[in-house]
Each structure stands twice: as C-alpha cells, then as structure tokens.
>>> print(open('my_file_32.txt').read())   # compact mmCIF, C-alpha atoms
# COMPACT_ATOMS: atom_id res chain seq x y z
CA MET H 1 167.73 149.32 -10.46
CA ILE H 2 170.91 151.34 -10.90
CA PRO H 3 170.10 154.68 -12.59
CA GLU H 4 171.79 155.72 -15.82
CA SER H 5 172.37 159.34 -14.85
CA PRO H 6 175.78 159.94 -13.22
CA GLN H 7 174.28 162.48 -10.81
CA GLU H 8 171.58 160.03 -9.74
CA GLN H 9 174.21 157.34 -9.35
CA ARG H 10 176.18 159.62 -7.02
CA ILE H 11 173.13 160.27 -4.85
CA LEU H 12 172.39 156.53 -4.84
CA ILE H 13 175.90 155.89 -3.48
CA ALA H 14 175.37 158.49 -0.75
CA GLU H 15 172.07 156.81 0.15
CA TYR H 16 173.72 153.39 0.15
CA VAL H 17 176.45 154.50 2.57
CA LEU H 18 173.71 155.67 4.94
CA GLY H 19 171.80 152.40 4.54
CA LEU H 20 168.60 154.14 3.46
CA HIS H 21 167.32 151.43 1.15
CA ALA H 22 165.57 148.14 1.76
CA PRO H 23 167.85 145.07 1.97
CA GLU H 24 167.13 143.87 -1.58
CA GLN H 25 168.18 147.16 -3.13
CA GLU H 26 171.18 147.43 -0.77
CA ALA H 27 172.35 144.07 -2.11
CA GLU H 28 171.94 145.20 -5.71
CA ILE H 29 173.95 148.36 -5.06
CA ALA H 30 176.63 146.35 -3.24
CA ARG H 31 177.02 144.10 -6.30
CA TRP H 32 177.29 147.17 -8.53
CA LEU H 33 180.01 148.66 -6.29
CA GLU H 34 181.98 145.43 -6.51
CA GLN H 35 182.14 145.84 -10.27
CA ASP H 36 182.57 149.61 -10.55
CA SER H 37 185.76 150.83 -8.90
CA GLU H 38 184.91 154.49 -9.45
CA ALA H 39 181.58 154.08 -7.68
CA ALA H 40 183.27 152.09 -4.90
CA ASP H 41 185.82 154.85 -4.45
CA LEU H 42 183.05 157.43 -4.04
CA ALA H 43 181.37 155.21 -1.45
CA ARG H 44 184.65 154.96 0.45
CA ARG H 45 185.07 158.74 0.42
CA TRP H 46 181.57 159.18 1.83
CA GLN H 47 182.42 156.63 4.53
CA GLU H 48 185.54 158.57 5.45
CA HIS H 49 183.55 161.77 5.81
CA TRP H 50 180.95 160.09 7.98
CA LEU H 51 183.65 159.14 10.48
CA ASP H 52 183.46 162.77 11.59
CA ALA H 53 179.85 162.19 12.60
CA ALA H 54 180.83 159.04 14.52
CA ALA H 55 183.30 161.16 16.46
CA LEU H 56 180.47 163.35 17.77
CA LEU H 57 179.13 160.49 19.90
CA GLU H 58 180.17 160.22 23.50
CA PRO H 59 182.85 157.52 23.64
CA VAL H 60 181.78 154.29 25.32
CA SER H 61 184.27 152.33 27.37
CA LEU H 62 184.64 148.73 26.33
CA PRO H 63 183.32 146.31 28.94
CA PRO H 64 186.31 144.27 30.17
CA GLN H 65 184.56 141.04 29.25
CA LEU H 66 184.16 142.05 25.62
CA TRP H 67 187.83 141.68 24.69
CA LYS H 68 187.85 138.28 26.42
CA ARG H 69 184.80 137.26 24.40
CA ILE H 70 186.44 138.40 21.19
CA SER H 71 189.62 136.55 22.09
CA ARG H 72 187.69 133.35 22.87
CA ARG H 73 185.71 133.73 19.68
CA ILE H 74 188.90 134.04 17.65
CA GLU H 75 190.40 131.04 19.32
CA GLY H 76 187.18 129.18 18.68
CA THR H 77 186.95 127.83 22.19
CA SER H 78 183.84 129.57 23.49
CA GLY H 79 180.61 127.78 24.25
CA LYS H 80 180.14 124.03 24.51
CA ARG H 81 183.01 121.74 23.71
CA PRO H 82 182.37 120.44 20.20
CA ARG H 83 183.13 116.99 18.93
CA LEU H 84 186.74 116.07 18.22
CA TRP H 85 186.54 116.56 14.46
CA LEU H 86 184.84 119.91 15.00
CA GLN H 87 187.48 120.86 17.57
CA LEU H 88 190.17 120.03 15.03
CA TRP H 89 188.32 121.89 12.31
CA GLN H 90 187.95 124.97 14.51
CA SER H 91 191.34 124.70 16.14
CA LEU H 92 193.53 127.68 15.37
CA THR H 93 196.55 125.60 16.39
CA VAL H 94 195.69 122.90 13.88
CA TRP H 95 195.18 125.43 11.11
CA ARG H 96 198.40 127.14 12.06
CA ALA H 97 200.23 123.83 11.92
CA LEU H 98 198.65 123.00 8.56
CA ALA H 99 199.45 126.45 7.26
CA ALA H 100 203.03 126.16 8.50
CA SER H 101 203.38 122.75 6.81
CA LEU H 102 202.01 124.17 3.60
CA LEU H 103 204.37 127.12 3.81
CA VAL H 104 207.32 124.78 4.32
CA ALA H 105 206.24 122.73 1.31
CA VAL H 106 205.81 125.84 -0.82
CA ALA H 107 209.15 127.17 0.39
CA LEU H 108 210.87 123.95 -0.55
CA LEU H 109 209.26 124.01 -3.97
CA LEU H 110 209.73 127.67 -4.74
CA GLY H 111 212.92 128.29 -2.78
CA PRO H 112 214.37 131.64 -3.73
CA LEU H 113 211.12 132.87 -5.24
CA ARG H 114 209.50 133.05 -1.82
CA GLN H 115 208.95 136.55 -0.43
CA PRO H 116 209.35 136.70 3.36
CA ALA H 117 205.98 137.20 5.02
CA PRO H 118 205.69 140.53 6.84
CA VAL H 119 205.18 140.25 10.55
CA TYR H 120 204.87 143.97 11.22
CA THR H 121 203.46 146.77 9.16
CA VAL H 122 203.43 150.51 9.65
CA ILE H 123 201.47 153.07 7.68
CA LEU H 124 203.28 156.37 7.79
CA GLN H 125 200.90 159.31 7.61
CA ALA H 126 201.40 163.05 7.62
CA PRO H 127 200.56 164.38 11.09
CA GLY H 128 196.85 165.07 11.28
CA GLU H 129 196.06 163.46 7.95
CA ALA H 130 195.01 159.95 8.88
CA ALA H 131 193.21 159.40 5.59
CA ASN H 132 196.33 160.01 3.49
CA PRO H 133 198.95 157.30 3.88
CA GLY H 134 202.32 158.42 2.58
CA TRP H 135 204.62 155.45 3.04
CA ARG H 136 204.27 151.82 4.10
CA VAL H 137 206.80 149.93 6.19
CA THR H 138 206.81 146.14 6.34
CA VAL H 139 209.12 144.05 8.46
CA SER H 140 209.54 140.41 7.49
CA ASP H 141 209.90 137.50 9.88
CA ALA H 142 213.61 137.60 9.03
CA GLY H 143 213.77 141.19 10.25
CA GLU H 144 214.21 142.78 6.83
CA LEU H 145 212.50 146.17 6.54
CA ARG H 146 210.95 147.55 3.37
CA LEU H 147 209.90 151.18 3.08
CA THR H 148 207.55 151.77 0.15
CA PRO H 149 206.18 155.11 -1.05
CA LEU H 150 202.40 155.24 -1.44
CA MET H 151 202.22 158.73 -2.90
CA HIS H 152 204.31 161.15 -4.89
CA GLY H 153 205.97 163.66 -2.59
CA SER H 154 207.63 166.96 -3.35
CA TYR H 155 210.48 168.01 -1.09
CA PRO H 156 212.92 170.95 -1.29
CA ALA H 157 215.92 170.00 -3.41
CA ASP H 158 218.36 171.32 -0.82
CA ARG H 159 217.02 169.15 2.02
CA SER H 160 217.16 165.45 2.87
CA VAL H 161 214.45 163.07 4.06
CA GLN H 162 215.65 160.98 7.00
CA PHE H 163 214.12 157.78 8.35
CA TRP H 164 213.97 157.25 12.13
CA THR H 165 212.67 154.74 14.60
CA LEU H 166 211.97 154.96 18.31
CA ALA H 167 211.72 151.64 20.12
CA ASP H 168 212.34 152.89 23.62
CA PRO H 169 211.81 156.54 24.61
CA ALA H 170 214.57 156.16 27.18
CA LEU H 171 217.06 155.38 24.43
CA GLY H 172 215.82 158.05 22.06
CA PRO H 173 215.31 157.89 18.30
CA ARG H 174 217.69 156.02 16.05
CA SER H 175 218.43 157.00 12.48
CA LEU H 176 217.80 154.37 9.82
CA GLY H 177 219.43 156.53 7.17
CA LEU H 178 218.44 158.89 4.42
CA VAL H 179 215.56 158.15 2.09
CA GLU H 180 215.39 159.00 -1.56
CA PRO H 181 211.94 160.52 -2.09
CA ASP H 182 209.50 158.35 -4.05
CA HIS H 183 211.90 155.39 -4.02
CA PRO H 184 211.55 152.23 -1.94
CA LEU H 185 214.21 151.34 0.58
CA VAL H 186 215.21 147.92 1.90
CA LEU H 187 217.17 147.60 5.12
CA PRO H 188 218.68 144.34 6.41
CA ALA H 189 217.74 143.04 9.84
CA ARG H 190 221.10 143.95 11.39
CA ARG H 191 220.50 147.58 10.47
CA VAL H 192 216.92 147.65 11.73
CA GLY H 193 217.37 145.87 15.05
CA GLY H 194 214.39 144.36 16.84
CA VAL H 195 210.91 145.64 16.04
CA GLN H 196 208.01 145.49 18.45
CA SER H 197 204.32 146.43 18.37
CA GLY H 198 203.79 150.14 18.78
CA GLN H 199 207.34 151.02 17.76
CA LEU H 200 207.43 154.46 16.22
CA PHE H 201 208.77 155.11 12.72
CA GLU H 202 208.98 158.53 11.15
CA LEU H 203 210.37 160.50 8.24
CA THR H 204 211.66 164.00 8.91
CA LEU H 205 212.84 166.81 6.66
CA GLU H 206 216.46 167.54 7.51
CA PRO H 207 219.32 169.67 6.20
CA ALA H 208 221.10 168.16 3.20
CA GLY H 209 223.00 165.09 4.33
CA GLY H 210 220.82 164.47 7.36
CA SER H 211 220.30 165.77 10.87
CA PRO H 212 223.44 167.33 12.36
CA GLY H 213 222.80 165.51 15.64
CA LYS H 214 221.61 162.13 16.82
CA ARG H 215 218.00 163.28 16.93
CA PRO H 216 215.64 164.65 14.29
CA SER H 217 216.13 168.38 13.88
CA GLY H 218 213.48 169.10 11.27
CA PRO H 219 209.71 168.76 10.98
CA ILE H 220 208.01 165.36 10.87
CA LEU H 221 206.77 164.54 7.37
CA PHE H 222 205.23 161.15 8.09
CA MET H 223 204.91 158.95 11.13
CA GLY H 224 203.28 155.72 12.26
CA ARG H 225 203.50 152.86 14.71
CA ALA H 226 204.22 149.20 14.08
CA VAL H 227 201.28 146.83 14.09
CA ALA H 228 201.84 143.08 14.43
CA LEU H 229 200.23 141.03 11.68
CA MET D 1 182.87 151.93 17.35
CA LEU D 2 180.91 150.68 20.32
CA ALA D 3 179.23 154.06 20.67
CA VAL D 4 178.15 153.91 17.03
CA ALA D 5 176.86 150.35 17.42
CA ARG D 6 174.94 151.21 20.57
CA ARG D 7 173.33 154.23 18.98
CA PHE D 8 172.50 152.22 15.88
CA THR D 9 170.97 149.23 17.61
CA GLY D 10 169.62 150.89 20.71
CA ASP D 11 170.70 147.77 22.58
CA ALA D 12 173.98 147.32 24.47
CA SER D 13 174.03 143.57 24.03
CA LEU D 14 173.38 143.68 20.27
CA ALA D 15 176.00 146.39 19.93
CA GLU D 16 178.63 144.29 21.70
CA ASP D 17 177.75 141.27 19.58
CA ALA D 18 178.15 143.31 16.41
CA LEU D 19 181.47 144.73 17.58
CA GLN D 20 182.69 141.26 18.54
CA GLU D 21 181.81 139.78 15.16
CA THR D 22 183.36 142.74 13.38
CA PHE D 23 186.68 142.16 15.12
CA VAL D 24 186.49 138.44 14.38
CA GLN D 25 185.92 139.37 10.74
CA VAL D 26 188.93 141.69 10.87
CA TRP D 27 191.02 138.87 12.34
CA LYS D 28 189.97 136.49 9.58
CA HIS D 29 190.18 138.90 6.67
CA ALA D 30 192.97 141.29 7.65
CA HIS D 31 194.74 140.41 4.41
CA ARG D 32 191.92 142.05 2.49
CA PHE D 33 192.71 145.45 3.94
CA ASP D 34 194.33 147.65 1.32
CA CYS D 35 195.66 150.91 2.71
CA GLU D 36 195.63 152.39 -0.76
CA ARG D 37 191.83 152.13 -0.71
CA GLY D 38 191.36 154.03 2.53
CA SER D 39 192.40 154.22 6.13
CA ALA D 40 192.15 151.33 8.57
CA ARG D 41 189.63 153.36 10.54
CA THR D 42 187.37 153.69 7.52
CA TRP D 43 187.66 149.96 6.89
CA LEU D 44 186.80 149.06 10.49
CA PHE D 45 183.80 151.37 10.66
CA GLY D 46 182.70 150.20 7.21
CA LEU D 47 182.73 146.57 8.31
CA LEU D 48 180.81 147.40 11.48
CA ARG D 49 178.21 149.46 9.68
CA TYR D 50 177.75 146.88 6.92
CA ARG D 51 177.17 144.25 9.59
CA LEU D 52 174.71 146.41 11.49
CA ILE D 53 172.72 147.26 8.36
CA ASN D 54 172.65 143.76 6.96
CA GLN D 55 171.76 142.07 10.20
CA HIS D 56 168.84 144.42 10.63
CA HIS D 57 170.21 145.63 13.92
CA ARG D 58 168.46 148.88 13.42
CA ALA D 59 167.30 151.01 16.28
CA ARG D 60 163.76 150.45 17.39
CA ARG D 61 163.58 153.52 19.53
CA GLU D 62 161.65 156.70 19.09
CA ALA D 63 162.51 159.01 16.25
CA PHE D 64 162.85 162.03 18.48
CA GLU D 65 165.61 160.69 20.63
CA PRO D 66 168.23 163.47 20.81
CA LEU D 67 170.88 163.15 18.13
CA PRO D 68 174.22 164.87 17.72
CA GLY D 69 173.53 167.94 15.64
CA ASP D 70 170.12 168.70 17.11
CA HIS D 71 171.51 171.79 18.81
CA TRP D 72 172.93 173.22 15.61
CA ALA D 73 171.27 176.37 14.36
CA ASP D 74 168.70 175.91 11.64
CA ASP D 75 169.79 178.78 9.46
CA GLY D 76 170.26 176.77 6.29
CA GLY D 77 171.59 179.91 4.73
CA SER D 78 175.22 179.10 4.04
CA THR D 79 176.32 178.17 0.59
CA PRO D 80 178.61 175.23 -0.08
CA GLU D 81 181.37 177.73 -0.82
CA GLN D 82 180.98 179.26 2.63
CA CYS D 83 181.23 175.97 4.41
CA TYR D 84 184.17 174.59 2.46
CA VAL D 85 187.37 174.89 4.44
CA GLU D 86 190.21 174.32 2.06
CA GLU D 87 193.03 174.05 4.55
CA ASP D 88 191.33 171.85 7.10
CA GLN D 89 190.13 168.59 5.59
CA ARG D 90 188.93 167.34 8.94
CA HIS D 91 185.43 168.02 10.24
CA ARG D 92 184.27 169.18 6.85
CA LEU D 93 181.23 166.94 7.05
CA ILE D 94 180.14 168.58 10.28
CA ASP D 95 180.58 172.03 8.77
CA CYS D 96 178.59 170.95 5.75
CA LEU D 97 175.83 169.31 7.79
CA GLN D 98 175.37 172.54 9.68
CA THR D 99 174.50 174.33 6.47
CA LEU D 100 171.51 172.05 5.86
CA ARG D 101 168.03 172.95 6.96
CA LEU D 102 166.82 170.88 9.90
CA GLU D 103 164.10 169.18 7.82
CA ARG D 104 166.82 167.80 5.53
CA ARG D 105 169.50 167.25 8.15
CA ARG D 106 167.49 165.31 10.70
CA PRO D 107 166.36 162.44 8.46
CA ILE D 108 169.95 162.09 7.24
CA LEU D 109 171.21 161.91 10.81
CA MET D 110 168.44 159.45 11.72
CA ALA D 111 169.72 157.21 8.93
CA TYR D 112 173.34 157.51 10.02
CA TYR D 113 172.97 157.23 13.78
CA GLN D 114 169.88 155.05 14.10
CA GLY D 115 170.00 153.10 10.89
CA PHE D 116 166.50 153.99 9.74
CA THR D 117 165.53 153.33 6.13
CA TYR D 118 163.46 155.76 4.08
CA GLU D 119 160.28 153.97 5.02
CA GLN D 120 161.11 153.97 8.72
CA ILE D 121 162.01 157.66 8.72
CA ALA D 122 158.79 158.56 6.93
CA GLU D 123 156.79 156.51 9.39
CA ARG D 124 158.50 157.92 12.46
CA LEU D 125 158.29 161.53 11.32
CA SER D 126 154.74 161.06 9.97
CA VAL D 127 155.77 162.59 6.67
CA PRO D 128 154.92 161.09 3.25
CA LEU D 129 157.62 158.79 1.90
CA GLY D 130 158.06 160.86 -1.25
CA THR D 131 158.59 164.02 0.78
CA ILE D 132 161.23 162.34 2.94
CA LYS D 133 163.06 160.99 -0.10
CA SER D 134 163.02 164.43 -1.66
CA ARG D 135 164.34 166.10 1.51
CA VAL D 136 167.08 163.54 2.04
CA ARG D 137 168.21 163.62 -1.57
CA SER D 138 168.30 167.41 -1.54
CA GLY D 139 170.33 167.25 1.66
CA LEU D 140 172.73 164.68 0.24
CA LYS D 141 173.13 166.74 -2.92
CA GLY D 142 174.00 169.74 -0.76
CA LEU D 143 176.53 167.69 1.21
CA GLN D 144 177.98 166.30 -1.99
CA GLU D 145 178.56 169.81 -3.35
CA CYS D 146 179.87 171.09 -0.05
CA LEU D 147 182.29 168.16 0.27
CA ARG D 148 183.29 168.38 -3.39
CA LEU D 149 182.41 164.70 -3.87
>>> encode(input="my_file_32.txt", output="structure tokens")
Amino acid sequence: MIPESPQEQRILIAEYVLGLHAPEQEAEIARWLEQDSEAADLARRWQEHWLDAAALLEPVSLPPQLWKRISRRIEGTSGKRPRLWLQLWQSLTVWRALAASLLVAVALLLGPLRQPAPVYTVILQAPGEAANPGWRVTVSDAGELRLTPLMHGSYPADRSVQFWTLADPALGPRSLGLVEPDHPLVLPARRVGGVQSGQLFELTLEPAGGSPGKRPSGPILFMGRAVAL
Amino acid sequence: MLAVARRFTGDASLAEDALQETFVQVWKHAHRFDCERGSARTWLFGLLRYRLINQHHRARREAFEPLPGDHWADDGGSTPEQCYVEEDQRHRLIDCLQTLRLERRRPILMAYYQGFTYEQIAERLSVPLGTIKSRVRSGLKGLQECLRL
C-alpha cells in the first residue's frame, strides 16, 4: 500500500529504486510511479545518483560473442529456423518493408504535413555534466538539421554562441553559424553537409559576431556526438 | 553494465542474457527514450536493473562477499552539510554513502549490488527483519538529506 505521508512516500521510492521489496509490492509501486510524475521524477533522480555506485565496480570487458548474439537476436535469426509464417512475422526486413509502405501511404495522404524522420540525433551537454542536456540536434533523412534548446541558458550579452561540427579531425571544425540563445535553429542540408555516426557537434562562447578565425576560440558550452537512429 | 549485471546475478551467463535482452529492448523501444526525463545512461541502467529485479536474477551468493565501499571508514560522524559538495555534482552519492554508519550502509549496498530484498538481507545478516528495515530506512533518509532529494 502506498503511504499517505510525503516523507514515507519518498523513502518508499528510494527503497523501490534499490529493489528492496517483494515482487508484488514492487509492481504496485511501479503502477503508482506511472501515474505520479513527481514520484517518477524522484525515482529517476535516485537512479542517476546510483550510477556513481555502478562506476565503482571493476569494468568487465564484453565477450566478443555477446555483441554477435545481440545482433542475431535483433535480427531475429538466432536459434532454429522457424516456419515460414513465423520467419515472415519475425523478419526485420519484412517489417521494414511494411513500415516503408505504410510511410509512403501516409506521406501520400498527408503530403506537406509530414515531418521528416530524424536519422541522427545528438544531445549536447555541458562538459562534465552528462545528466544535464542543454540542446538537442536532429538530422532528418533529407539532411536538414534542427537545433533545439532543452534548457534556459544565460550568456554574456557582449558575446555570441557559435555552432560547430567536426566530421573529420584532419579537416578541422566547421562553423555552422551563430546561434540565438534559447531559440531553435534549422539548417538546410546544403549548409550541414554529410553527417555520420560519432560526428562531433558543439556550441562555444565566442566574441560578438563569432570566432575571429576558422576554429573555435572560446570555451565549449555544450558538446555531443551524433548517434544514428 | 555487464559488471553491474554480473555482481547482481552472481552468474556470468545470466548477466550476459540480461544485458542482451536489455539491448534488444533498447532497440525495440528507443523511441520511448525522452532525454528531458534523464540521461541515456540512466535509462539504460534503469532498464537493465528493472529486468534483473523482475526476473529474479538476484545474487545467490554469500552476504559477506566484498562490496565496493567496504573499505570506507566507519566514522558515521559527518553531517549531510559536511558531505554536500555544491560545486561538484558528480560522486555526491559516494560522498554521502561514506557518511553512513556501516550497519546502515552495508544493507543498502547489498540491495544495490546484489539485489537482495529486505527479507534476504535480514536472513543473510542474521538480523531481525524489523531492525534491517529500520537501519536501511534511516540510511536512505540520511542519503536523501545529503543528496537534497
């Protein structure tokens, strides 16, 4: 039973994150958290703190076979060969084809209303503050880039925030222009160029009007790497 | 993540299975990740831990297996104010855990690292269930104050 007292509720959440209760009560608390966003937020904050304790364990190298197992599991091809209908049901290719067909149908129906699906995303975080995302970058399949603020930032009025990307260290960083703090930015594909997994994006604090050179001259405010979706 | 799963289950094979299924779950439900509700790392570890707890992959080993934190001093004398480091948000939990007395800290760490429930901790430490609940709740209350949660 979920207690009435706020203090007891807070301790219950701490206990739940540790998994201290029997399965039946864990399930009851999980249902409560699904309905109470404030309680769920506290649980998430406990979970974030407990990551520090996870970091105290000696890292374990992943057995080479494990990634292969995961890959096979995702593709649904591990184990015995199932019957044809089951193969089709479990086939990622079939589902992809069906999904693509559905997308085409929806696109034809909705036309201009369709938002391009992002194929890359980047969460820009202040250096050393992994739990505090500052901006989100999404890159659509058409190559359009959207930069969206996730928090309110305060920057000196006499400085500019500049957006950079680094695809190839040999070529150096490339400016994607100045950013108006707290406002989203959309860049067309021709301005962005190709994006690849792991590509670095960052926001730096520069003199008014931007860096005097072709490289960032000021401190990094936020940075992150592209992840393929 | 694998280190956490191994410590939790006490079994390399079970740990790898749990990690595998967690990543399959991530693959299937990546769209449910909302960066505004926490970091990707928190989400990943949360999924893994939820799976471990709910599949009863709890450690079956001895209670006195060495745990991280066993070597910390048992002074228990610091106040939450002393342990709170305003400028450095990282590692605050570790600082706060070190302020707890061993009798409160160890059952909490047994729950985190080995996945023991209240009943299992009481049984393994040969301490009455009520006493263990009281110690853990006092410890969690101390952590809560220290972490400003």
>>> interface_residues(input="my_file_32.txt", of="chain D", to="chain H", cutoff="7 Å", atoms="only C-alpha atoms", output="list in words")
Leu2, Ala3, Val4, Gln20, Val24, Gly38, Ser39, Thr42, Gly46, Ile53, Pro68, His91, Leu93, Ile94, Ala111, Tyr112, Gly115, Phe116, Thr117, Tyr118, Arg137, Leu140 and Lys141 of chain D
>>> atom_distance(input="my_file_32.txt", atom1="atom CA of Ala228 of chain H", atom2="atom CA of Gly198 of chain H")
8.5 Å
>>> atom_distance(input="my_file_32.txt", atom1="atom CA of Phe8 of chain D", atom2="atom CA of Thr99 of chain D")
24.1 Å
>>> closest_residue(input="my_file_32.txt", among="D:His29, D:Arg49, D:Arg6, D:Arg124", to="Met110 of chain D", atoms="only C-alpha atoms")
D:Arg124
>>> residues_near_point(input="my_file_32.txt", point="(221.2, 156.2, 5.0)", cutoff="10 Å", atoms="all atoms listed in the file", output="PDB file with C-alpha atoms, in the coordinates of the input")
ATOM      1  CA  VAL H 161     214.450 163.070   4.060  1.00  0.00           C
ATOM      2  CA  GLN H 162     215.650 160.980   7.000  1.00  0.00           C
ATOM      3  CA  PHE H 163     214.120 157.780   8.350  1.00  0.00           C
ATOM      4  CA  SER H 175     218.430 157.000  12.480  1.00  0.00           C
ATOM      5  CA  LEU H 176     217.800 154.370   9.820  1.00  0.00           C
ATOM      6  CA  GLY H 177     219.430 156.530   7.170  1.00  0.00           C
ATOM      7  CA  LEU H 178     218.440 158.890   4.420  1.00  0.00           C
ATOM      8  CA  VAL H 179     215.560 158.150   2.090  1.00  0.00           C
ATOM      9  CA  GLU H 180     215.390 159.000  -1.560  1.00  0.00           C
ATOM     10  CA  LEU H 185     214.210 151.340   0.580  1.00  0.00           C
ATOM     11  CA  LEU H 187     217.170 147.600   5.120  1.00  0.00           C
ATOM     12  CA  GLY H 209     223.000 165.090   4.330  1.00  0.00           C
ATOM     13  CA  GLY H 210     220.820 164.470   7.360  1.00  0.00           C
TER      14      GLY H 210
END
>>> closest_residue(input="my_file_32.txt", among="D:Cys35, D:Ile108, D:Leu149, D:Leu102", to="Lys133 of chain D", atoms="all atoms listed in the file")
D:Ile108
>>> atom_distance(input="my_file_32.txt", atom1="atom CA of Arg105 of chain D", atom2="atom CA of Ala122 of chain D")
13.8 Å
>>> residues_near_point(input="my_file_32.txt", point="(219.0, 169.6, 5.3)", cutoff="12 Å", atoms="all atoms listed in the file", output="list in words")
Tyr155, Pro156, Ala157, Asp158, Arg159, Ser160, Val161, Gln162, Leu178, Thr204, Leu205, Glu206, Pro207, Ala208, Gly209, Gly210, Ser211, Pro212, Gly213, Pro216, Ser217, Gly218 and Pro219 of chain H
>>> closest_residue(input="my_file_32.txt", among="D:Leu48, D:Val127, D:Leu143, D:Ala40", to="Glu16 of chain D", atoms="only C-alpha atoms")
D:Leu48
>>> axis_aligned_box(input="my_file_32.txt", around="segment 58-75 of chain H", padding_each_side="6 Å", output="AutoDock Vina command-line options")
--center_x 185.3 --center_y 145.6 --center_z 23.9 --size_x 22.2 --size_y 41.2 --size_z 24.5
>>> build_atoms(input="my_file_32.txt", residues="segment 12-23 of chain H", atoms="N, CA and C atoms", output="PDB file, in the coordinates of the input")
ATOM      1  N   LEU H  12     172.678 157.911  -5.245  1.00  0.00           N
ATOM      2  CA  LEU H  12     172.390 156.530  -4.840  1.00  0.00           C
ATOM      3  C   LEU H  12     173.520 155.999  -3.943  1.00  0.00           C
ATOM      4  N   ILE H  13     174.751 156.336  -4.284  1.00  0.00           N
ATOM      5  CA  ILE H  13     175.900 155.890  -3.480  1.00  0.00           C
ATOM      6  C   ILE H  13     175.834 156.521  -2.090  1.00  0.00           C
ATOM      7  N   ALA H  14     175.491 157.808  -2.056  1.00  0.00           N
ATOM      8  CA  ALA H  14     175.370 158.490  -0.750  1.00  0.00           C
ATOM      9  C   ALA H  14     174.276 157.833   0.090  1.00  0.00           C
ATOM     10  N   GLU H  15     173.171 157.473  -0.561  1.00  0.00           N
ATOM     11  CA  GLU H  15     172.070 156.810   0.150  1.00  0.00           C
ATOM     12  C   GLU H  15     172.515 155.433   0.642  1.00  0.00           C
ATOM     13  N   TYR H  16     173.268 154.740  -0.200  1.00  0.00           N
ATOM     14  CA  TYR H  16     173.720 153.390   0.150  1.00  0.00           C
ATOM     15  C   TYR H  16     174.619 153.428   1.392  1.00  0.00           C
ATOM     16  N   VAL H  17     175.530 154.404   1.425  1.00  0.00           N
ATOM     17  CA  VAL H  17     176.450 154.500   2.570  1.00  0.00           C
ATOM     18  C   VAL H  17     175.662 154.728   3.858  1.00  0.00           C
ATOM     19  N   LEU H  18     174.545 155.435   3.751  1.00  0.00           N
ATOM     20  CA  LEU H  18     173.710 155.670   4.940  1.00  0.00           C
ATOM     21  C   LEU H  18     172.792 154.482   5.235  1.00  0.00           C
ATOM     22  N   GLY H  19     172.665 153.557   4.308  1.00  0.00           N
ATOM     23  CA  GLY H  19     171.800 152.400   4.540  1.00  0.00           C
ATOM     24  C   GLY H  19     170.326 152.740   4.436  1.00  0.00           C
ATOM     25  N   LEU H  20     169.976 153.644   3.526  1.00  0.00           N
ATOM     26  CA  LEU H  20     168.600 154.140   3.460  1.00  0.00           C
ATOM     27  C   LEU H  20     167.644 153.199   2.730  1.00  0.00           C
ATOM     28  N   HIS H  21     168.193 152.266   1.981  1.00  0.00           N
ATOM     29  CA  HIS H  21     167.320 151.430   1.150  1.00  0.00           C
ATOM     30  C   HIS H  21     166.979 150.103   1.827  1.00  0.00           C
ATOM     31  N   ALA H  22     165.966 149.465   1.274  1.00  0.00           N
ATOM     32  CA  ALA H  22     165.570 148.140   1.760  1.00  0.00           C
ATOM     33  C   ALA H  22     166.678 147.143   1.413  1.00  0.00           C
ATOM     34  N   PRO H  23     166.745 146.024   2.142  1.00  0.00           N
ATOM     35  CA  PRO H  23     167.850 145.070   1.970  1.00  0.00           C
ATOM     36  C   PRO H  23     168.063 144.607   0.533  1.00  0.00           C
TER      37      PRO H  23
END
